[in-house]
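Novice: I am attaching a structure below and will ask some questions about it afterwards.
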Amino acid sequence: MTDAAPRVETELSADQVRRLQLRAQGLLGAGARRGGVPGMLRRLGAVQLDTISVLARSHELIAYARLGAVGRDAVEAGYWGGHRTFEYWAHAASILPMEDWPHFAFRRRAFLRRGWRWHKVSPSVCDDVRALLRSSGPLTTRDLGGAKAGGDWWQWSDHKIAIEWLLDTGEVVCTERTGWRRRYDLAERAVPGRLLAQDPDDTACLTHLVREAGRALAVGTRADLADHYRLRGDQVDAVIGETGLVPVAVRGWKHPAWADPEALASEPRGRHATTLLSPFDSLVWDRARTSRVFGFDHRLEAYVPKAKRVHGYFVMPLLAGGRLIGRVDPAREGRTLVAKQVSFEPHAATPARAERSMAALREALETAAGWVGCDDVRIERIVAPGDL
């Protein structure tokens with residue numbers, strides 16, 4: 001089954017969708033700060049993790065963009081404190097609300113059916129890991145012994161592969177990171193019993209996750225809804241009618257869409273955030289959707305050879321006035337935040353908008369500098385059309 005056209009109840013403009021998504025993502029209006037980091041995570045559904053750290057790690061930047069200059073220790077405590085969250089495969093490796101543990105049972109079952117992770121390890125190694133966790137957990141791979149620092153999966157020890165397999169299949173859970181190392185524990189000990197006892201079937205799991213994707217996006221096509229938790233299109237098709245999402249048409253979009261009815265109930269209002277975004281922020285992690293909603297072609301160039309980079313190593317989109325107006329490639333030199341390159345979008349560099357764009361850049365850089373403990377800002381290069 002493909003993008004079958006549903007019966008449309010509402011027609012929206014592309015501009016309305018942009019504003020609805022900004023509100024849903026906590027980047028428009030006063031509601032974004034309610035509940036701190038745990039409240040933000042519930043609204044987003046998932047916060048992607050990544051190893052790269054320039055100004056800060058991605059999950060810290062995602063909280064900063066919505067909550068402002070909250071202390072970084074408070075951000076970490078908000079994510080990991082009190083077993084309120086777990087880490088699992090959603091939109092890549094992600095922090096998820098613990099309440100969603102039952103709804104990833106469909107993915108744990110899929111791993112079990114497959115029967116292996118990178119390659120099969122001896123059942124005795126899995127038994128060793130279980131025994132160590134039971135007697136001494138929670139543990140990191142360093143505690144388990146035999147883990148190599150860094151490296152690709154084929155350099156992993158059997159203990160590392162075993163514990164990742166147990167994580168995939170739900171016997172083991174990660175509820176925090178220490179020094180960026182996962183700290184593993186037995187699910188029977190770390191997951192609240194009322195959640196551990198639940199075993200929804202695949203249809204129930206997928207219905208919940210597609211509904212949550214719709215709520216986090218406000219409006220999305222079949223592909224958008226699938227991408228949020230990395231589902232398949234046919235999985236979305238199978239449950240979309242049970243999610244409560246309503247069919248809508250978006251002017252200028254080629255494919256049918258569905259909306260969260262609560263999002264449609266009121267017009268987005270309030271102050272727009274002016275901030276730098278992690279390249280892994282859920283506002284922009286779906287590149288095709290970002291281009292469609294914001295007219296902004298976003299690409300992470302960290303893995304592009306230096307000579308071929310256009311915008312820089314860790315390009316952070318600049319959000320201001322509800323639009324993505326440019327990109328900043330940041331670095332730190334002592335107590336100076338360095339913008340190695342700033343690249344403005346054409347619409348932000350017109351004579352009518354140039355002054356506002358520069359003011360937004362100054363605000364974003366100065367606020368970010370203060371948050372990471374810098375007291376100076378230096379811009380090395382600005383790339384923009386026209387006379388900006």
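The way I read the labels, and the way they are meant: chains A, B, ... in the order of the structure tokens, residue 1 as the first residue of every chain, and ligand 1 as the first ligand shown, with later ones counted on from there.
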Please return as a PyMOL selection string: the residues of region 227-326 of chain A that backbone DSSP assigns to strand (DSSP E or B).

Specialist: chain A and resi 246-250+257-259+272+275-276+316-320+323-326

Novice: List the spatial neighbours of Val129 (chain A) as a PyMOL selection string - criterion: any atom at most 12 Å away, only C-alpha atoms, same-chain residues fewer than 2 positions off excluded.

Specialist: chain A and resi 121-127+131-141+143-146+158-167+171-172+184-186

Novice: Could those selected residues go to a file with N, CA and C atoms, as a short mmCIF file (atom, residue, chain, number, x, y, z; two decimals), in the first residue's frame?

Specialist:
data_model
loop_
_atom_site.label_atom_id
_atom_site.label_comp_id
_atom_site.auth_asym_id
_atom_site.auth_seq_id
_atom_site.Cartn_x
_atom_site.Cartn_y
_atom_site.Cartn_z
N VAL A 121 27.06 -14.44 19.16
CA VAL A 121 28.03 -14.74 20.20
C VAL A 121 27.54 -15.96 20.97
N SER A 122 28.47 -16.61 21.64
CA SER A 122 28.13 -17.81 22.38
C SER A 122 27.09 -17.53 23.46
N PRO A 123 26.10 -18.41 23.61
CA PRO A 123 25.13 -18.22 24.71
C PRO A 123 25.81 -18.10 26.07
N SER A 124 26.97 -18.74 26.21
CA SER A 124 27.67 -18.67 27.49
C SER A 124 28.16 -17.26 27.78
N VAL A 125 28.51 -16.51 26.74
CA VAL A 125 28.94 -15.12 26.94
C VAL A 125 27.76 -14.28 27.42
N CYS A 126 26.59 -14.48 26.82
CA CYS A 126 25.38 -13.78 27.29
C CYS A 126 25.08 -14.15 28.74
N ASP A 127 25.27 -15.44 29.08
CA ASP A 127 25.05 -15.86 30.47
C ASP A 127 26.02 -15.16 31.41
N ALA A 131 24.97 -12.68 34.48
CA ALA A 131 25.41 -12.95 35.85
C ALA A 131 26.15 -11.75 36.44
N LEU A 132 26.99 -11.11 35.65
CA LEU A 132 27.73 -9.94 36.14
C LEU A 132 26.77 -8.80 36.47
N LEU A 133 25.79 -8.57 35.62
CA LEU A 133 24.82 -7.52 35.89
C LEU A 133 24.00 -7.83 37.14
N ARG A 134 23.64 -9.09 37.28
CA ARG A 134 22.82 -9.47 38.44
C ARG A 134 23.59 -9.29 39.75
N SER A 135 24.89 -9.57 39.72
CA SER A 135 25.68 -9.51 40.96
C SER A 135 26.26 -8.13 41.22
N SER A 136 26.57 -7.38 40.15
CA SER A 136 27.32 -6.13 40.33
C SER A 136 26.75 -4.93 39.61
N GLY A 137 25.67 -5.08 38.86
CA GLY A 137 25.17 -3.99 38.02
C GLY A 137 24.60 -2.84 38.81
N PRO A 138 24.36 -1.71 38.12
CA PRO A 138 24.57 -1.47 36.69
C PRO A 138 26.06 -1.31 36.34
N LEU A 139 26.41 -1.62 35.08
CA LEU A 139 27.80 -1.65 34.65
C LEU A 139 27.96 -1.01 33.27
N THR A 140 29.15 -0.48 33.02
CA THR A 140 29.53 -0.06 31.67
C THR A 140 30.28 -1.21 31.00
N THR A 141 30.56 -1.08 29.71
CA THR A 141 31.33 -2.12 29.03
C THR A 141 32.74 -2.20 29.60
N ASP A 143 33.45 -1.88 32.72
CA ASP A 143 33.29 -2.71 33.92
C ASP A 143 33.18 -4.19 33.57
N LEU A 144 32.55 -4.48 32.43
CA LEU A 144 32.35 -5.86 32.03
C LEU A 144 33.64 -6.52 31.57
N GLY A 145 34.61 -5.69 31.14
CA GLY A 145 35.89 -6.22 30.70
C GLY A 145 35.89 -6.55 29.22
N GLY A 146 37.01 -6.28 28.60
CA GLY A 146 37.20 -6.67 27.20
C GLY A 146 36.68 -5.70 26.18
N ASP A 158 33.46 -9.76 22.46
CA ASP A 158 32.23 -10.56 22.54
C ASP A 158 31.32 -10.07 23.67
N HIS A 159 31.91 -9.59 24.77
CA HIS A 159 31.09 -9.07 25.87
C HIS A 159 30.31 -7.83 25.43
N LYS A 160 30.97 -6.98 24.64
CA LYS A 160 30.29 -5.78 24.15
C LYS A 160 29.15 -6.16 23.19
N ILE A 161 29.42 -7.09 22.28
CA ILE A 161 28.38 -7.51 21.35
C ILE A 161 27.23 -8.17 22.10
N ALA A 162 27.56 -8.96 23.11
CA ALA A 162 26.52 -9.66 23.88
C ALA A 162 25.62 -8.67 24.61
N ILE A 163 26.21 -7.66 25.23
CA ILE A 163 25.37 -6.76 26.00
C ILE A 163 24.53 -5.88 25.09
N GLU A 164 25.06 -5.54 23.91
CA GLU A 164 24.25 -4.79 22.95
C GLU A 164 23.10 -5.65 22.42
N TRP A 165 23.35 -6.94 22.26
CA TRP A 165 22.28 -7.84 21.83
C TRP A 165 21.20 -7.94 22.90
N LEU A 166 21.60 -8.02 24.14
CA LEU A 166 20.63 -8.08 25.24
C LEU A 166 19.86 -6.76 25.36
N LEU A 167 20.53 -5.64 25.02
CA LEU A 167 19.83 -4.35 24.99
C LEU A 167 18.79 -4.35 23.87
N GLU A 171 16.34 -7.54 27.40
CA GLU A 171 16.75 -8.09 28.70
C GLU A 171 17.53 -7.07 29.52
N VAL A 172 18.20 -6.19 28.80
CA VAL A 172 19.06 -5.17 29.41
C VAL A 172 18.57 -3.81 28.97
N TYR A 184 24.58 -0.07 31.80
CA TYR A 184 23.57 -1.09 31.55
C TYR A 184 23.08 -1.70 32.86
N ASP A 185 21.81 -2.08 32.86
CA ASP A 185 21.25 -2.80 33.99
C ASP A 185 20.23 -3.80 33.44
N LEU A 186 19.87 -4.76 34.26
CA LEU A 186 18.82 -5.69 33.87
C LEU A 186 17.48 -4.96 33.81
#

Novice: Could you check which of A:Arg142, A:Val37, A:Phe86, A:Ala302 is closest to Ala187 (chain A), using only C-alpha atoms?

Specialist: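 Closest to Ala187 (chain A), using only C-alpha atoms: A:Phe86.
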
Novice: Identify, on the basis of only C-alpha atoms, every residue whose closest approach to region 316-330 of chain A does not exceed 6 Å; exclude the query and any residue fewer than 2 positions from it along the same chain; express the result as a short mmCIF file (atom, residue, chain, number, x, y, z; two decimals) with all heavy atoms, in the first residue's frame.

Specialist:
data_model
loop_
_atom_site.label_atom_id
_atom_site.label_comp_id
_atom_site.auth_asym_id
_atom_site.auth_seq_id
_atom_site.Cartn_x
_atom_site.Cartn_y
_atom_site.Cartn_z
N HIS A 272 8.78 33.57 19.04
CA HIS A 272 9.62 32.59 18.36
C HIS A 272 10.97 32.51 19.05
O HIS A 272 11.53 33.53 19.47
CB HIS A 272 9.85 33.00 16.90
CG HIS A 272 8.66 32.83 16.01
ND1 HIS A 272 8.24 31.60 15.58
CD2 HIS A 272 7.80 33.74 15.48
CE1 HIS A 272 7.17 31.75 14.81
NE2 HIS A 272 6.89 33.04 14.73
N THR A 274 14.93 32.30 19.14
CA THR A 274 16.10 32.64 18.34
C THR A 274 17.25 31.83 18.90
O THR A 274 17.66 32.03 20.04
CB THR A 274 16.43 34.14 18.41
OG1 THR A 274 15.34 34.89 17.86
CG2 THR A 274 17.69 34.47 17.64
N THR A 275 17.75 30.88 18.12
CA THR A 275 18.71 29.94 18.68
C THR A 275 19.47 29.21 17.59
O THR A 275 19.05 29.18 16.43
CB THR A 275 17.99 28.93 19.59
OG1 THR A 275 18.93 28.16 20.32
CG2 THR A 275 17.08 28.01 18.79
N LEU A 276 20.58 28.61 17.99
CA LEU A 276 21.29 27.66 17.15
C LEU A 276 20.75 26.27 17.45
O LEU A 276 20.51 25.92 18.60
CB LEU A 276 22.79 27.70 17.43
CG LEU A 276 23.51 29.02 17.14
CD1 LEU A 276 24.97 28.93 17.58
CD2 LEU A 276 23.45 29.36 15.65
N LEU A 277 20.57 25.47 16.40
CA LEU A 277 20.03 24.12 16.54
C LEU A 277 21.10 23.07 16.31
O LEU A 277 21.96 23.22 15.42
CB LEU A 277 18.91 23.89 15.53
CG LEU A 277 17.66 24.76 15.63
CD1 LEU A 277 16.76 24.48 14.44
CD2 LEU A 277 16.92 24.50 16.93
N SER A 278 21.04 22.01 17.08
CA SER A 278 21.86 20.84 16.77
C SER A 278 21.48 20.33 15.38
O SER A 278 20.30 20.33 15.01
CB SER A 278 21.62 19.74 17.79
OG SER A 278 22.07 18.49 17.29
N PRO A 279 22.45 19.85 14.60
CA PRO A 279 22.08 19.25 13.30
C PRO A 279 21.25 17.98 13.46
O PRO A 279 20.66 17.50 12.50
CB PRO A 279 23.44 18.95 12.65
CG PRO A 279 24.43 18.99 13.75
CD PRO A 279 23.91 19.91 14.79
N GLY A 312 30.82 23.84 6.66
CA GLY A 312 31.65 23.60 7.82
C GLY A 312 31.42 22.24 8.45
O GLY A 312 30.57 21.46 8.02
N PHE A 314 30.52 21.12 11.82
CA PHE A 314 29.34 20.85 12.64
C PHE A 314 28.35 21.98 12.42
O PHE A 314 28.20 22.88 13.25
CB PHE A 314 29.74 20.75 14.12
CG PHE A 314 28.66 20.23 15.02
CD1 PHE A 314 28.33 18.89 15.03
CD2 PHE A 314 27.98 21.08 15.88
CE1 PHE A 314 27.34 18.39 15.88
CE2 PHE A 314 26.98 20.60 16.73
CZ PHE A 314 26.68 19.25 16.72
N VAL A 338 33.87 30.78 18.62
CA VAL A 338 34.27 31.19 17.28
C VAL A 338 33.24 30.69 16.27
O VAL A 338 32.91 29.50 16.25
CB VAL A 338 35.66 30.63 16.91
CG1 VAL A 338 36.07 31.08 15.51
CG2 VAL A 338 36.70 31.04 17.94
N ALA A 339 32.71 31.60 15.48
CA ALA A 339 31.89 31.22 14.33
C ALA A 339 32.82 31.19 13.13
O ALA A 339 33.15 32.23 12.54
CB ALA A 339 30.76 32.21 14.13
N LYS A 340 33.30 30.00 12.79
CA LYS A 340 34.28 29.90 11.72
C LYS A 340 33.67 30.32 10.38
O LYS A 340 34.37 30.92 9.55
CB LYS A 340 34.83 28.48 11.63
CG LYS A 340 35.64 28.08 12.87
CD LYS A 340 36.33 26.76 12.68
CE LYS A 340 35.34 25.62 12.67
NZ LYS A 340 36.04 24.29 12.60
N GLN A 341 32.42 30.00 10.19
CA GLN A 341 31.71 30.47 9.00
C GLN A 341 30.24 30.62 9.33
O GLN A 341 29.64 29.77 9.98
CB GLN A 341 31.87 29.50 7.83
CG GLN A 341 31.12 29.94 6.58
CD GLN A 341 31.45 29.10 5.36
OE1 GLN A 341 32.61 28.89 5.05
NE2 GLN A 341 30.43 28.63 4.67
N VAL A 342 29.67 31.74 8.90
CA VAL A 342 28.23 31.97 8.96
C VAL A 342 27.73 32.06 7.53
O VAL A 342 28.28 32.84 6.72
CB VAL A 342 27.90 33.28 9.71
CG1 VAL A 342 26.39 33.54 9.67
CG2 VAL A 342 28.40 33.22 11.15
N SER A 343 26.72 31.27 7.20
CA SER A 343 26.16 31.27 5.85
C SER A 343 24.69 31.64 5.95
O SER A 343 23.91 30.89 6.54
CB SER A 343 26.32 29.90 5.19
OG SER A 343 27.66 29.46 5.23
N PHE A 344 24.31 32.77 5.39
CA PHE A 344 22.92 33.21 5.42
C PHE A 344 22.17 32.72 4.19
O PHE A 344 22.73 32.64 3.09
CB PHE A 344 22.82 34.73 5.50
CG PHE A 344 23.03 35.30 6.87
CD1 PHE A 344 24.21 35.95 7.20
CD2 PHE A 344 22.05 35.18 7.84
CE1 PHE A 344 24.40 36.47 8.46
CE2 PHE A 344 22.23 35.69 9.11
CZ PHE A 344 23.41 36.35 9.42
N GLU A 345 20.89 32.42 4.38
CA GLU A 345 20.00 32.08 3.28
C GLU A 345 19.66 33.35 2.49
O GLU A 345 19.64 34.45 3.06
CB GLU A 345 18.71 31.45 3.81
CG GLU A 345 18.90 30.08 4.43
CD GLU A 345 19.17 29.03 3.37
OE1 GLU A 345 18.21 28.50 2.79
OE2 GLU A 345 20.37 28.75 3.12
N ALA A 348 17.17 35.80 3.96
CA ALA A 348 17.58 36.52 5.17
C ALA A 348 18.54 37.66 4.88
O ALA A 348 18.84 38.46 5.77
CB ALA A 348 18.23 35.55 6.16
#

Novice: Using CA of Gln198 (chain A) and CA of Leu49 (chain A) as the two end points, give the distance in Å to one decimal.

Specialist: 26.5 Å

Novice: How far is it from CA of Val250 (chain A) to CA of Glu11 (chain A), in Å with one decimal?

Specialist: 5.8 Å

Novice: Find, counting only C-alpha atoms, the residue in A:Arg114, A:His83, A:His119, A:Arg271 that gets nearest to Thr175 (chain A).

Specialist: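 Looking only at the distances to Thr175 (chain A), the closest residue turns out to be A:His83.
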